[in-house]
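Okay, so here's the structure we're looking at.
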Amino acid sequence: MKTILKPTRVLVALGVMLTLAGCGNASQTDQANQPVVAQYAKKKITQQDFYEALKAEPSAKQVLANLLIYGAMKDAYGKKIDETKVTAAYKSYQSRYGDQFADYLEENGYTKKTFKQTLRLNYLSEAALKAQIKPTTAQLKDAWKTYQPKITVQHILTTSEDTAKTVIAQLQQGADFAKLAQQYSVDNTTASNGGKMAAFDSTDKNLDSTFKDAAYKLKDGEFTTTPVKTTSGYEVIQMIKHPAKGTFKASKAALTASLYQKWEASTTVMKNVISQVLKDENVKIKDKNLQSALNAYKGTTTSGTATTK
């Protein structure tokens, strides 16, 4: 899923903005009674002082926009998402990075809390999109024209074309692909498994388009007879399972999922989805100095038609 809030440090300020959001119109008398957040010499910095300084920063409007988007999304769709999936996604990152997880969070400007909020926002955005937009038969049939079913392959990634050619020569002499993957592949995540990859389709954004194009030309048992140059190196690919395209009716669920994936990746579609949520949740910014924070989300809010193109 696609994250609306990019990994920036503005999310860390969500708690600050929540605390200070109601302080914009305090009188001088009120200000004198406010909690002090810092001081130097005999000068005290109150919450109001801090708030005024924060909202003057160029990033303040983005912080507020992020806060309002997350809050509105959670209020509208929080009960429609499975929190166990958020937790599972979080634990998956923890497992992937292991002892380096804290470093990963720090390098990307996250705290544990804001990282989990971002993961949750992925699911909230998906729920909002599906609630607002339903694929039409015409859209599904249009997607069917270029639809390809998921395929399963094994691959050997090498750093040089000559090594890839050596692998191909051995395969042509009858060598076992899985054993060659263990010997030659520099992809540590698949080499020990004989180079086998998780099933993917032509819309998978994590794979090089050249890799996908080469893979989809293969039939079961076939392998590429020339090295496939990708951004990662030189690939040798063997097809494990290449299902037939099947029928339109049988593929409707896969086509629907593909369309939603495409729309999630569209800035235009997702801005309109967010715009509709903000409208439905009656979001208003009362501080006149921050009222333009959501200008990027003004405009079309009927996401079910033109925005799906």
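Note on naming: chains are A, B, ... as they come in the structure tokens, residues start from 1 per chain, ligands start from 1 in the order shown.
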Which of region 31-247 of chain A DSSP labels helix (DSSP H, G or I), written as a PyMOL selection string: chain A and resi 31-32+47-55+60-80+83-107+112-132+137-144+161-172+177-184+191-193+209-216
Skipping near chain neighbours, those fewer than 5 positions away, what residues fall within 9 Å of Thr225 (chain A) using only C-alpha atoms, listed as a list in words? Lys165, Ile168, Ala169, Gln172, Val236 and Ile237 of chain A
Looking only at the backbone, which of the residues in region 12-244 of chain A does DSSP tag as strand (DSSP E), as an MDAnalysis selection string? chainID A and resid 36:40 43:46 152:158 228:230 233:241
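Nearest to Lys249 (chain A) of all the residues A:Trp144, A:Phe177, A:Tyr184, A:Tyr77 is A:Trp144, based on only C-alpha atoms.
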Using only C-alpha atoms, what does the table of region 55-142 of chain A residues within 10 Å of region 250-256 of chain A look like, with each row giving the shortest atom pair and its distance in Å to one decimal, sorted by chain and ascending number, as a Markdown table?
| residue | atom | partner | partner_atom | distance |
| --- | --- | --- | --- | --- |
| A:Lys134 | CA | A:Thr256 | CA | 8.8 |
| A:Pro135 | CA | A:Thr256 | CA | 6.7 |
| A:Thr136 | CA | A:Thr256 | CA | 9.4 |
| A:Thr137 | CA | A:Lys252 | CA | 9.5 |
| A:Gln139 | CA | A:Thr256 | CA | 9.2 |
| A:Leu140 | CA | A:Leu255 | CA | 6.3 |
| A:Lys141 | CA | A:Leu255 | CA | 8.7 |
| A:Asp142 | CA | A:Leu255 | CA | 9.7 |
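Using only C-alpha atoms, the contacts of Leu171 (chain A) at a cut-off of 12 Å, with sequence neighbours closer than 5 positions omitted, comprise Ile156, Ala164, Lys165, Thr166, Asp176, Phe177, Ala178, Lys179, Leu180, Ala181, Gly221, Glu222, Phe223, Thr224, Thr225, Thr226, Val236, Ile237 and Gln238 of chain A.
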Just want the 12 Å neighbourhood of Lys79 (chain A), counted on only C-alpha atoms, with same-chain residues fewer than 4 positions away dropped. Output as a PDB file with C-alpha atoms, in the first residue's frame.
ATOM      1  CA  MET A  73      -9.051   9.515   8.196  1.00  0.00           C
ATOM      2  CA  LYS A  74      -8.909   7.769  11.563  1.00  0.00           C
ATOM      3  CA  ASP A  75     -12.226   9.252  12.683  1.00  0.00           C
ATOM      4  CA  GLU A  83      -5.508  -3.149  13.781  1.00  0.00           C
ATOM      5  CA  ARG A 120      -2.054   2.771   9.923  1.00  0.00           C
ATOM      6  CA  TYR A 123      -4.824   1.020   5.668  1.00  0.00           C
ATOM      7  CA  LEU A 124      -7.045   4.034   6.356  1.00  0.00           C
ATOM      8  CA  ALA A 127     -10.455   1.923   3.219  1.00  0.00           C
ATOM      9  CA  ALA A 128     -11.322   5.472   2.136  1.00  0.00           C
TER      10      ALA A 128
END
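The space between CA of Leu119 (chain A) and CA of Gln132 (chain A) spans 20.6 Å.
If only C-alpha atoms are the atoms counted, then among A:Lys113, A:Lys61, A:Lys55, A:Lys150 the closest residue to Ala296 (chain A) is A:Lys61.
Residues in contact with Asp201 (chain A) at 10 Å, where only C-alpha atoms are counted and same-chain residues fewer than 2 positions away are skipped, are listed as Tyr147, Gln148, Pro149, Lys150, Ile151, Thr152, Ala199, Thr203, Asp204, Lys205, Leu207, Lys212, Tyr216 and Ser258 of chain A.
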As a PDB file with N, CA and C atoms, in the first residue's frame, please: the residues near Lys130 (chain A) (cut-off 12 Å, only C-alpha atoms, same-chain neighbours under 6 positions excluded).
ATOM      1  N   TYR A  77     -12.609   6.206   9.233  1.00  0.00           N
ATOM      2  CA  TYR A  77     -12.424   4.808   8.844  1.00  0.00           C
ATOM      3  C   TYR A  77     -11.676   3.949   9.860  1.00  0.00           C
ATOM      4  N   LYS A  80     -13.031   0.593  10.546  1.00  0.00           N
ATOM      5  CA  LYS A  80     -13.158  -0.299   9.397  1.00  0.00           C
ATOM      6  C   LYS A  80     -11.854  -1.006   9.036  1.00  0.00           C
ATOM      7  N   ILE A  81     -10.772  -0.694   9.762  1.00  0.00           N
ATOM      8  CA  ILE A  81      -9.513  -1.365   9.469  1.00  0.00           C
ATOM      9  C   ILE A  81      -9.181  -2.356  10.580  1.00  0.00           C
ATOM     10  N   TYR A 123      -3.580   1.784   5.636  1.00  0.00           N
ATOM     11  CA  TYR A 123      -4.824   1.020   5.668  1.00  0.00           C
ATOM     12  C   TYR A 123      -6.047   1.934   5.677  1.00  0.00           C
ATOM     13  N   LEU A 124      -5.948   3.072   6.360  1.00  0.00           N
ATOM     14  CA  LEU A 124      -7.045   4.034   6.356  1.00  0.00           C
ATOM     15  C   LEU A 124      -7.287   4.572   4.944  1.00  0.00           C
ATOM     16  N   THR A 256      -9.995  -6.040 -10.138  1.00  0.00           N
ATOM     17  CA  THR A 256     -10.407  -5.022  -9.165  1.00  0.00           C
ATOM     18  C   THR A 256      -9.239  -4.636  -8.274  1.00  0.00           C
ATOM     19  N   ALA A 257      -8.512  -5.646  -7.788  1.00  0.00           N
ATOM     20  CA  ALA A 257      -7.354  -5.387  -6.939  1.00  0.00           C
ATOM     21  C   ALA A 257      -6.300  -4.586  -7.687  1.00  0.00           C
ATOM     22  N   LEU A 259      -6.833  -2.466 -10.176  1.00  0.00           N
ATOM     23  CA  LEU A 259      -7.290  -1.087 -10.339  1.00  0.00           C
ATOM     24  C   LEU A 259      -7.088  -0.289  -9.056  1.00  0.00           C
ATOM     25  N   TYR A 260      -7.404  -0.900  -7.911  1.00  0.00           N
ATOM     26  CA  TYR A 260      -7.215  -0.203  -6.647  1.00  0.00           C
ATOM     27  C   TYR A 260      -5.737   0.095  -6.407  1.00  0.00           C
ATOM     28  N   GLN A 261      -4.895  -0.844  -6.790  1.00  0.00           N
ATOM     29  CA  GLN A 261      -3.452  -0.624  -6.646  1.00  0.00           C
ATOM     30  C   GLN A 261      -3.011   0.551  -7.518  1.00  0.00           C
ATOM     31  N   TRP A 263      -4.916   3.076  -8.527  1.00  0.00           N
ATOM     32  CA  TRP A 263      -5.469   4.319  -7.984  1.00  0.00           C
ATOM     33  C   TRP A 263      -4.731   4.759  -6.721  1.00  0.00           C
ATOM     34  N   GLU A 264      -4.327   3.797  -5.900  1.00  0.00           N
ATOM     35  CA  GLU A 264      -3.563   4.150  -4.699  1.00  0.00           C
ATOM     36  C   GLU A 264      -2.251   4.836  -5.055  1.00  0.00           C
ATOM     37  N   VAL A 269      -5.827  10.873  -7.758  1.00  0.00           N
ATOM     38  CA  VAL A 269      -6.935  10.120  -7.162  1.00  0.00           C
ATOM     39  C   VAL A 269      -6.914  10.246  -5.652  1.00  0.00           C
ATOM     40  N   MET A 270      -5.753  10.027  -5.049  1.00  0.00           N
ATOM     41  CA  MET A 270      -5.686  10.021  -3.587  1.00  0.00           C
ATOM     42  C   MET A 270      -5.901  11.416  -2.992  1.00  0.00           C
ATOM     43  N   VAL A 273      -9.575  11.707  -2.886  1.00  0.00           N
ATOM     44  CA  VAL A 273     -10.114  10.868  -1.816  1.00  0.00           C
ATOM     45  C   VAL A 273      -9.961  11.585  -0.476  1.00  0.00           C
ATOM     46  N   SER A 303     -14.994  11.501  -6.178  1.00  0.00           N
ATOM     47  CA  SER A 303     -13.908  10.649  -6.659  1.00  0.00           C
ATOM     48  C   SER A 303     -14.336   9.492  -7.532  1.00  0.00           C
ATOM     49  N   GLY A 304     -15.617   9.242  -7.651  1.00  0.00           N
ATOM     50  CA  GLY A 304     -16.028   8.027  -8.356  1.00  0.00           C
ATOM     51  C   GLY A 304     -16.029   8.117  -9.861  1.00  0.00           C
ATOM     52  N   THR A 308     -10.852   8.637 -11.522  1.00  0.00           N
ATOM     53  CA  THR A 308     -10.401   7.256 -11.671  1.00  0.00           C
ATOM     54  C   THR A 308      -9.732   7.015 -13.003  1.00  0.00           C
TER      55      THR A 308
END
